[in-house]
Each structure stands twice: as structure tokens, then as C-alpha cells.
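Enquirer: My questions will all concern the structure given below.
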Amino acid sequence: MNVNQQAHMTSPYRQPQPALQGYAQPGYGGPPTQYAPYNGPNPGYQQGPTPAGPVRPPPNSGPPPVSASQGYSQYTQGDVQNGPPTMSSQPHRPPVSQSYLPGSQPAYHQHYGAPHTGMQQMTNQMSGMQVSAPPPAVSGYAPHSSNPQTSVSFSGAPSFTPHSISSQQNSPAASLTHGQPPSQSPFPGSPSLSQSPFPGAPPPVSQPQYSSAPPASSQPHYPGAHPLPASQAQFPGAPPPPSQSSPFHAPPSSFAPPAGAPRQPGVQPMQAPPHSQYLTGPPLPHQPMQGPQLSQQNHAAPGMQGPPAQPAPPGQGQGVQPQQNGAFGQMSGPQPGYGGSYPGPQNYGAQPPPPAAPPQKRLDPDSIPSPIQVIEDDQANRSSEPFTTGVRGQAPPLVTTNFQVKDQGNASPSYIRCTAYNFPCTSDMAKQSQVPLAAVIKPLATLPLDEAPPYIVDHGETGPIRCNRCKAYMCPFMQFIEGGRRFQCGFCSCVTEVPPHYFQHLDHTGKRVDCYDRPELSMGTCEFTATVDYCKNNKIPQPPAFIFLIDVSYNAVKSGLVDLICAEMKTLLDYLPRESSEADSCIRVGFVTYNKVLHFYNVKSSLAQPQMMVVSDVADMFVPLLDGFLVNVNESRAVINSLLDQIPEMFADTRETETVFAPVIQAGLEALKAADCAGKLFIFHSSLPIAEAPGKLKNREDKKLVGTDKEKTLFQPQTSFFGNLAKECVAQGCCVDLFLFPNQYVDVATLGVVPSQTGGSVYKYTCFQVPSDGDRFLNDLRRDVQKQVGFDAVMRVRTSTGIRATDFFGDFYMSNTTDVELAGLDCDKAVTVEFRHDDKLSEESGALMQCAVLYTSCSGQRRLRVHNLSVNCCTQLADLYRNCDTDTLINFFAKYAYRSILNSPTKTVRDTLINQSAQILSCYRKNCASPSSAGQLILPECMKLLPVYLNCVLKSDILQPGADISLDDRAYLRQLVTSMDVAESHVFFYPRLLPLQKLDVEGDSLPTAVRASEERLSKGGLYLLENGLHLFLWVGANVQQELLQSVFNTPSFGQIDPSMTNLPVLDNPYSRRLRAIIESFRAQRPRYMKLMLVKQDDKLELIFKHFLVEDKSMSGGASYVDFLCHMHKEIRQLLS
């Protein structure tokens, strides 16, 4: 999404594009190769052949028999209430929940009327149902099953009632009920998903055609309308196809008997384990109800057609307002920008439905899981105490929470975050859950100021102590034995002799007595000084060099870029990276300018003036001088300043428009080879390199390929030349950072190959203009030059027996399957590593991982940084789902998807993501959640935000582009996300939106963020939105005059200048506080965010709305509400 446009330009978003047609995927063979397909029902559940007579369920597990609809309930009005059933004792509450309102809650003893462990959301759903008594007021979370979970019920009722809670097990659960009209569909035209429910065949995923218009609700339902393959009923235990009625098929609300059904004698209250019963096929509707109105417990069949429930009279059946995660809020009516409601299942094999129901309330966004509420709760509960890393398998606070870390043997979450902190013991269990096992590692991460950097350990000439077999480095996982004379490796169990100089006695617990004096034995992260054995060619490396290569073609000079760079460079060279103990930086610098030819500069300190040498033979690049090209800044200060003054003058009148690119990289590489050192190239480039030279490119921008099978070629490099060049750069330790200033297509997908494979960065400033973009560029350049960086790095991840690292994502090069090679590794770069089982893991020993990075520091010292982490292992799926990190999961999914589009159509990639996520959630529903109506969507507590975040990935410009986003911008964003850490990817996909009208100018606290949706914006409000790359200030049309005066120094909305990129510096508390917040946001992010001012109803507002990710997008992406409904449909398909 390119927002580097001025207010006068047309918006990059035009009319909405037609929605992408349904998600059928003929050419795609299932989930990604590293995951096995969905294995069908839990093996513990065996369904026998369909009996020939009426079915009577076994005690304790089966649903009640299906009897004909009865006209009257056997219960008197006093027996049944439409609110939650009462309980005998108050359940335990999790820390994040509301207080319960007073009210007695007697025990609930119905035999089969409620879902197991009380996930009964009493919705008044049946036609004309009257509420007979007000329910007890109960709100918030309820503890109930062995695994915390959130449930959302999609059924046919417009009315909402509070949750009923019963405490049969011991963990918190959140439960939400949503009324849904069965006759509306946000996905018109979606074909019914045919599916083979036998093991090993993942169902095809159909992605919705997102449309906000509800279809005609009088669509006939007749037998055979959507036939399913015959194979579906070809094996014992298969439910009958939906197109034929079956008296033996359980209705959707199979845990609630039809009203009036007699109780089975001898049936006990359900106590079966949570995974013992689930719906095994698409639910069949009841026959149309006749006779008087019925009271019904739990949920109506989602497919049931009928008029909406009557609202209860005031004071009856209202309970408390529905809420989510403890957020009390009024129910809202239909809001703009959302699609229709979730459809009930098709009325297979039943009679045509009665006339369409009148319009009903859509799913209330306030009653589905809110990212803001989860973030706020985590901040409130986990920011006050330090996070100590001594406990194995402990999930850290969210990335959005400010917390202090105390390293007690496992690496800080700043360095490593895992998708799960309970790894499955077996590969079968991992395949069943489909939860990716991965870690996002940021080896040189910058720690907060209140945390100490890693200790540096020097073992002298012998170097670090290592395991003899697997070569793991000494760490807290090593067990000393035989009085301290040997140690057993925690990774491979090999026993190694302790060198005499390292020997120490053990105490009574078996620990060395010097354990807490040695960082490598007591800390999760430490750094070793490496010996000459760890150096290339067994030679101590030279200090690295920085080479600045400046495009001086017509475009670069005319835009003022060359002037700006040269002026900034004079002061920037004082801030080159250095060791904290050194007064001056050891880094040497060199300068090159170029257009069609290259100009090298001799800036030797003994010269009075710099000397230029021109190399016009770009086909065979060489460096024309050795002495005087790379110099110490302090020694050659005068000559360098003279050069920087002269460059803009020398090229002020240039008419050369063509540029080369590959020879520029070759020149820097040759200079580093000649100096025998590693280093970094800073290339400032403005146009597509079309001049005759190696690596010449042509313009291949073709919007017609977008959305076709050939779209993937647009993300692949034009030529293999740059891949080979990158390989040479890595071998030398030559990292490339590229600053692009294009006015048109420059083929970022090809130009970015060398930066991405050398561990470098790409910065892009479209239509660069000094007044509006100069600040952003200079701040990016300063940070890029000054930040901590390691050169000529090699990273290896070792694991304990049972798992191994199999796949890697990020900006690096790999010449083999284990070593990640980075010519440069800076403090912003993250590498994502995926693990697979190669044997069984044990619950006792857990799983261990050690990330070791060997690199050259900015002073030329060879170092070894080691991060260690241990996680738990589990044999129960519930334990796996209890300890996952959704933000890390989304980071992994995004990187997996963005790499996949190099080889697969974007539609296939989107389908794969939806399919895998649906399998993750359906496995939880099937094996861990309490039995409940199929109309409920049940999510694990720690994954309840997976749908909203996944939808943000699916709607991103890379996977679902809008009409006006350029191919270059998509390639740029794809490369950017590849090396993001979890905190960056979180705010990138779900931006932070702050209401500034609630700003406390006296305190330090920020106002509570609001959800990224247009309906959260108030006309009288001022909102700040950031996503790590862009910063918007949205101004409502009705903002108070004094607020406008405080911020913009004008009392009138019409007089605000929409082109301003910095707020005026005003001497009032509000202005000072707002500018401080903006600066703090910028300081938190690796890239400088230019402020864009957006006035309500201004043309720039379309760009701003693109980042309101809970709403439907212009490019056809679903709203959060619609996507949640779609995910529910996918999960039900997998469960059936």
C-alpha cells in the first residue's frame, strides 16, 4: 500500500473490485507439504453402522433420540427458563473476567439438556418464543473446561441472553452468544463444500465471495440441491448425505432434546470426556414447527427457518448486556461497511422454507473477541511483575505488553518467541493439531534500557566449552556428573570430559558451586569471544567498512536527493557504530557516485583535494585504486568534507538519465575483497537500470497478470544474475542496504534480491520530494548507519533429540540445510525457524533449542552469541492449545504465505492458510472443547484472536491487492515482512488506533486504543493510527474548536492544511503531549513513520480506511464479522 502521495494526488483506491469468486482450488492438493492433511475424526471415536431401527444412545455420551416435534413442552412454565440455568456454587473465575452480579445459582441437574460443562448459551430462537422469566444476571467469563475457550454461537435468533455457566472442570472459558438470521448470507454464491470425511483427505476450502448484499431469502431448498459425492456415505459410520432425510441423524442441537421430548430412563447427566462426542455431519433441520410456541433450551437447529423471536417485554429476559472479554457495551444495530449475517446451513432434504423472516440484527462486533480487550487485559495482568525465565515452557506476556524480563536460564522473549510452549510429544499429535511448531529468533535484538545486555565470556585460547558430539555450547541445560569431572549434554546426551581449567566441584544438589558466577551456566543468553579457529581462513578479521554509492543521474539530482545526502553525510559520519568501550569507531568509509559509469574517489588524508577516477567499462568491473579509497573518518575528515561539498556541484547540470545497478554492487564487493574485510554497501538508487551493463532490466510491469496463475512471476527476479551476485557477496561478508527513490516501476522484486540474501534492508520512497519525504529518509538513514550490526555471520539452531529445525524464513542465504549465512545481521532482523519431529519427545525432559550466531563485531572482534530456550512437551492436545502464542503464529503464517506466492497463485495460498487455520480450530473443538451445539463457534482462549489476525493477513496487499497498489509496493512489503519480528508483524497486520480526544495531558499513560473499524470513529474525535510504516492523524469534522486550536493553531476544520507532515510546535500541554506520543511511536519502530493528516471526507480518507482492518476492504477482503462466520462454516465442514 503506497501512501507516499501528496494530498493533491488521486487516491490509490478506486471503486471496489468485484469480489474474487469462490475459493475452489482445483490445482491444489491440500495443506502445505510440511503439514500432513487433516486426519479425520479422533480415533477414539468410532461410529458404528447405521442401525435399522430407532436409535437409543448409550448412557453418558450420546445425544438424545430424535423424536417428532411435539406440540407442547412436558415442562411447566416454571420448569424451564430461557435464561441460563442456575448453579449451586459460584465458579472460580480466571484473573481476566468481570465480577459476577449477585444472584443465587442452584445446581443444574438436567440429564441431557445442556452441553457438557455448561457452555449453554440460552438463545431465544424459536418462532414467537416468549420469555417466561428473567434469567439470573450473570456476566463475563466462566471457568469450565480443561482448556480455556471462547465460544460464539451462530444461530437463528435475534435476541441475546447472558451465558449460563456450570463448573465441572477447572479452567476459564469465555462464552458468547450471537443471534443470527438463518436466511441471510454474507457469502452469496458460495457452493456447498463437498467433503470426504475419511482420514487423509482434507476437504477443499471454499473461500467466500464477500459481498455486503444479502441474497434473496426465498431461495428454495429441495432435495439434491447440493449433492455430495457418493463416497461420503460409503464407509461405516458415515452420516447420511444431507440430501436425504434420515431418522437416525442427530439434529444440530444434538445435546438438547426437542421441547417436550420425554427423558430417557436411566440416562445419567453427561460426564463424558470433552472429546467424546461431536456432531459428525452437516446438521439436518427439524420439520417446520406447528402448534403453540415452544420454550427451547440451548440452541435451535441452525438450519431452522422461521420468523424471529419476539423481543421480551421490558424487564423480562434481558439479563445483562452481552459483552466480550469483560467489555460491557450496548448492543449496536446494523453498521455500515459490514456484510450480511452468517447463513444457516442449507435446508437439505426438507420442505421449502416458510416466507423470509423480516430483517434482523447482524452479528454484533462488540460480542466477538476483541484484540483491544485482550491486549488491555494482558497489559493489566502481566506488566506489573517481572517475567522470570527460569520456569520451562512458560508462555511470556503478549508482545504488546510492557514488561521486564529477568533471565534465569531461558532466553528473553525479546530474542526468541515460540508459536507454542507445549510441544506435542509425537509427530502424529502435531499433524493432528496442525499447529506449526516454530520460533521467531532475533539474535541481536535491542533490549529495553532496564535490562542488561548479554554478558561477554572469554575462555581464552581454548575457546567456548562444547559437547564433543553435537557441538552444542555450554549452557544451563548441561548436567555435570562424576563430581564435576564430566558433563552430559542436554541436547544429545553425550558425556564429555570437563577441561581441567574449567573444573569445579558440585554442591549437594549436583550443581557446580560457581554456577551463578558463570553467565553461561545460569543465563539463557550469553556471548563468547571466539578464538582464531572460528575465523575465516583462521585469520583474525579486519574491522569492517561502509561504502556509500550515490546515484547522480538526472532524476536523483533534480529531486534534491544528492544535495540532501551529501549535506547529511558530514554529520552522519560522526555516528558510525562502535563498541561501548571505544571512543571512536573502527569502521572505514569509501565513496562512489554513478549513473551509466562509476566514479571512485581517493580521499586519502594526505591529499589536499579528493581525486576522482572513472570506470566506464561496467561489463568488467574493477576498483581503480586501493590506497585512499577506504579511510578512517577522523584522519581524512577535511578531504571527505571537501568531496561532499563538490559532488552536488559536479553533477548539477547532468543530463544523464540512464543508470546501472549490478556493476555498482560489484564495485563495492571488489573494494571489500581488495581490503580483505567485511562491510556494508549503502546504495542510493532512483530508476530501473536499463543502461547496457550486466544485470540490465526491462520494464515487465503487467497488471493483467494480477490474479492469474502467472502472477507469481512478478515476485520472482527477472534474471538469475542477482542471485549469483548475492552468493558472492555473502562469501565476502558484503551486506547491501538499498534506498530506492522511484518515480515509476523499478522492479523491486529483482533489485531486492541482493539485499534480502545478504541480510540487508530495502527502503522505498516513491515520488520522493525533499520537503515532504526528506525527514523520513534522513531518519531512516541515520538509524540504518548507527544501529548495531554483525558482519560475516553464521547462525545454527540445535535442538534436543526428537525435533529438528527443518525450515527457515528471513533475509539470509543458505548453502546447506543447517547453516543460515548472513553477510550482515542487524538488531532489527528476525529469522523464523520451523521444527519437525524426527522422534518422540518426553514430558519429563521437554524440548530444548540453542541458537548460536557467530559474527564479526563492528570493532573486528569475532563473537559467538548463544540463546537457549526450553519448552514443555505434552501428550494431551488440551495442553498444547493452552500454551500457544497467536502473534507468533501469525508471524509464521504470514512469512510462510509470502514465500509461497513465489511458487503458487495467491488464491491457492489464501486457501491453504484458511484450511490450516480451520483444521487447528476444528481439532480443538473436536478434542478439547466441551460438547455443544454446532451453532457455536468455540475457540481456544489463547487463539481466540486467530481469525481476526488471519483475516488481516489474507486481506493484505500482497495476498489480496487493491486496484491501485503497484507491483513494486507489493514486492517491497513482501520482502519487508520476511524479516519482521513478532512485535512488528503484529502492528503491521493489526494497526494501533488511539482516540486522542481522550488524551490525559498530565499523565504518561496512553488512552485505550479502539478497534480498527470505521464505526469506532467519532466525528468529534481525533485519532492516531500507526502500523509500523505509516502514521495517520484522522481529524473528525466536528472536533471542538479549542482542540483544533491546541493541535493545529487554527480554530476551523476547513483551515487545517492536509499536506502538513509535522504538527506545529505549540506551547500548550496538549500539543506537547501529542508530539511526545508521536515521537515515542517512531522510536519504537525500526523505520521512521511519516505523519499523514487525514481530514474526514477528504480524498486521502480512502487510504486511511485501508488500515481499518476489521472492515470490509476495497479489494474484496472480508470484514472481521464475515470472516469469523466463514471460519465457523469451514470448521463445521471439517467436523462433519
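Each chain of the C-alpha cells is named A, B, ... in the order shown, its residues numbered from 1; ligands are numbered from 1 in display order.
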Tell me which protein, DNA and RNA residues are within 10 Å of A:Met814, counting only C-alpha atoms, leaving out same-chain ones fewer than 3 positions away, and put them as a list in words.
Expert: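 Once the adjacent positions are removed, what remains is Lys727, Val730, Gln757, Val794, Phe808, Thr817, Thr818, Asp819, Val820, Glu821 and Leu822 of chain A.
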Enquirer: Take the residues just selected and output them with N, CA and C atoms as a JSON list (two decimals), in the first residue's frame.
Expert:
[["chain", "number", "residue", "atom", "x", "y", "z"],
["A", 727, "LYS", "N", 25.32, -14.49, -3.81],
["A", 727, "LYS", "CA", 26.14, -15.58, -3.26],
["A", 727, "LYS", "C", 27.59, -15.13, -3.08],
["A", 730, "VAL", "N", 27.79, -12.78, -0.01],
["A", 730, "VAL", "CA", 27.74, -13.49, 1.27],
["A", 730, "VAL", "C", 29.10, -14.10, 1.59],
["A", 757, "GLN", "N", 19.22, -11.43, 0.35],
["A", 757, "GLN", "CA", 20.04, -12.62, 0.59],
["A", 757, "GLN", "C", 21.32, -12.31, 1.36],
["A", 794, "VAL", "N", 27.18, -16.42, 10.77],
["A", 794, "VAL", "CA", 26.63, -17.76, 10.51],
["A", 794, "VAL", "C", 25.79, -18.14, 11.73],
["A", 808, "PHE", "N", 13.48, -22.43, 7.29],
["A", 808, "PHE", "CA", 13.92, -21.11, 7.78],
["A", 808, "PHE", "C", 13.32, -20.02, 6.90],
["A", 817, "THR", "N", 21.72, -27.26, 4.55],
["A", 817, "THR", "CA", 20.41, -27.33, 5.20],
["A", 817, "THR", "C", 20.42, -26.87, 6.65],
["A", 818, "THR", "N", 21.60, -26.57, 7.20],
["A", 818, "THR", "CA", 21.65, -26.22, 8.62],
["A", 818, "THR", "C", 22.16, -24.82, 8.92],
["A", 819, "ASP", "N", 23.03, -24.28, 8.08],
["A", 819, "ASP", "CA", 23.68, -23.00, 8.40],
["A", 819, "ASP", "C", 23.00, -21.84, 7.69],
["A", 820, "VAL", "N", 22.55, -20.89, 8.49],
["A", 820, "VAL", "CA", 21.97, -19.65, 7.96],
["A", 820, "VAL", "C", 23.11, -18.64, 7.85],
["A", 821, "GLU", "N", 23.42, -18.21, 6.63],
["A", 821, "GLU", "CA", 24.55, -17.31, 6.41],
["A", 821, "GLU", "C", 24.04, -15.90, 6.16],
["A", 822, "LEU", "N", 24.60, -14.95, 6.88],
["A", 822, "LEU", "CA", 24.20, -13.55, 6.74],
["A", 822, "LEU", "C", 25.44, -12.69, 6.60]]
Enquirer: What are the closest atom pairs, with distances in Å to one decimal, for all residues of stretch 724-754 of chain A lying within 12 Å of stretch 548-565 of chain A? Consider only C-alpha atoms, order rows by chain and residue number, and present the result as a tab-separated table.
Expert:
residue	atom	partner	partner_atom	distance
A:Val736	CA	A:Phe548	CA	10.4
A:Asp737	CA	A:Phe548	CA	9.9
A:Leu738	CA	A:Leu549	CA	9.8
A:Phe739	CA	A:Ile550	CA	9.8
A:Leu740	CA	A:Asp551	CA	10.1
A:Phe741	CA	A:Ala556	CA	7.9
A:Pro742	CA	A:Asn555	CA	8.9
A:Asn743	CA	A:Asn555	CA	8.7
A:Gln744	CA	A:Asn555	CA	11.3
Enquirer: Please provide the set of residues having any atom within 7 Å of stretch 893-909 of chain A, restricted to only C-alpha atoms, with same-chain residues fewer than 5 positions apart removed, written as a PyMOL selection string.
Expert: chain A and resi 25+28+708-709+711-712+715-716+809+953+959+974+977-978
Enquirer: Separation of atom CA of A:Thr713 and atom CA of A:Lys698, in Å?
Expert: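 Computed distance, atom CA of A:Thr713 to atom CA of A:Lys698, equals 14.1 Å.
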Enquirer: Calculate how many Å separate atom CA of A:Ile456 from atom CA of A:Phe491, rounding to one decimal.
Expert: 23.1 Å
Enquirer: One number please: atom CA of A:Cys515 to atom CA of A:Gly484, in Å, one decimal.
Expert: 11.6 Å
Enquirer: Pick from A:Asn816, A:Thr657, A:Thr419, A:Gln1084: nearest to A:Pro448, with only C-alpha atoms counted?
Expert: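 So, comparing all the options, the nearest one is A:Gln1084.
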Enquirer: Please return, as a list in words, all residues of stretch 929-989 of chain A that DSSP assigns to strand (DSSP E or B) on the basis of the backbone.
Expert: Gln936, Leu937, Ile938, Leu939 and Pro940 of chain A
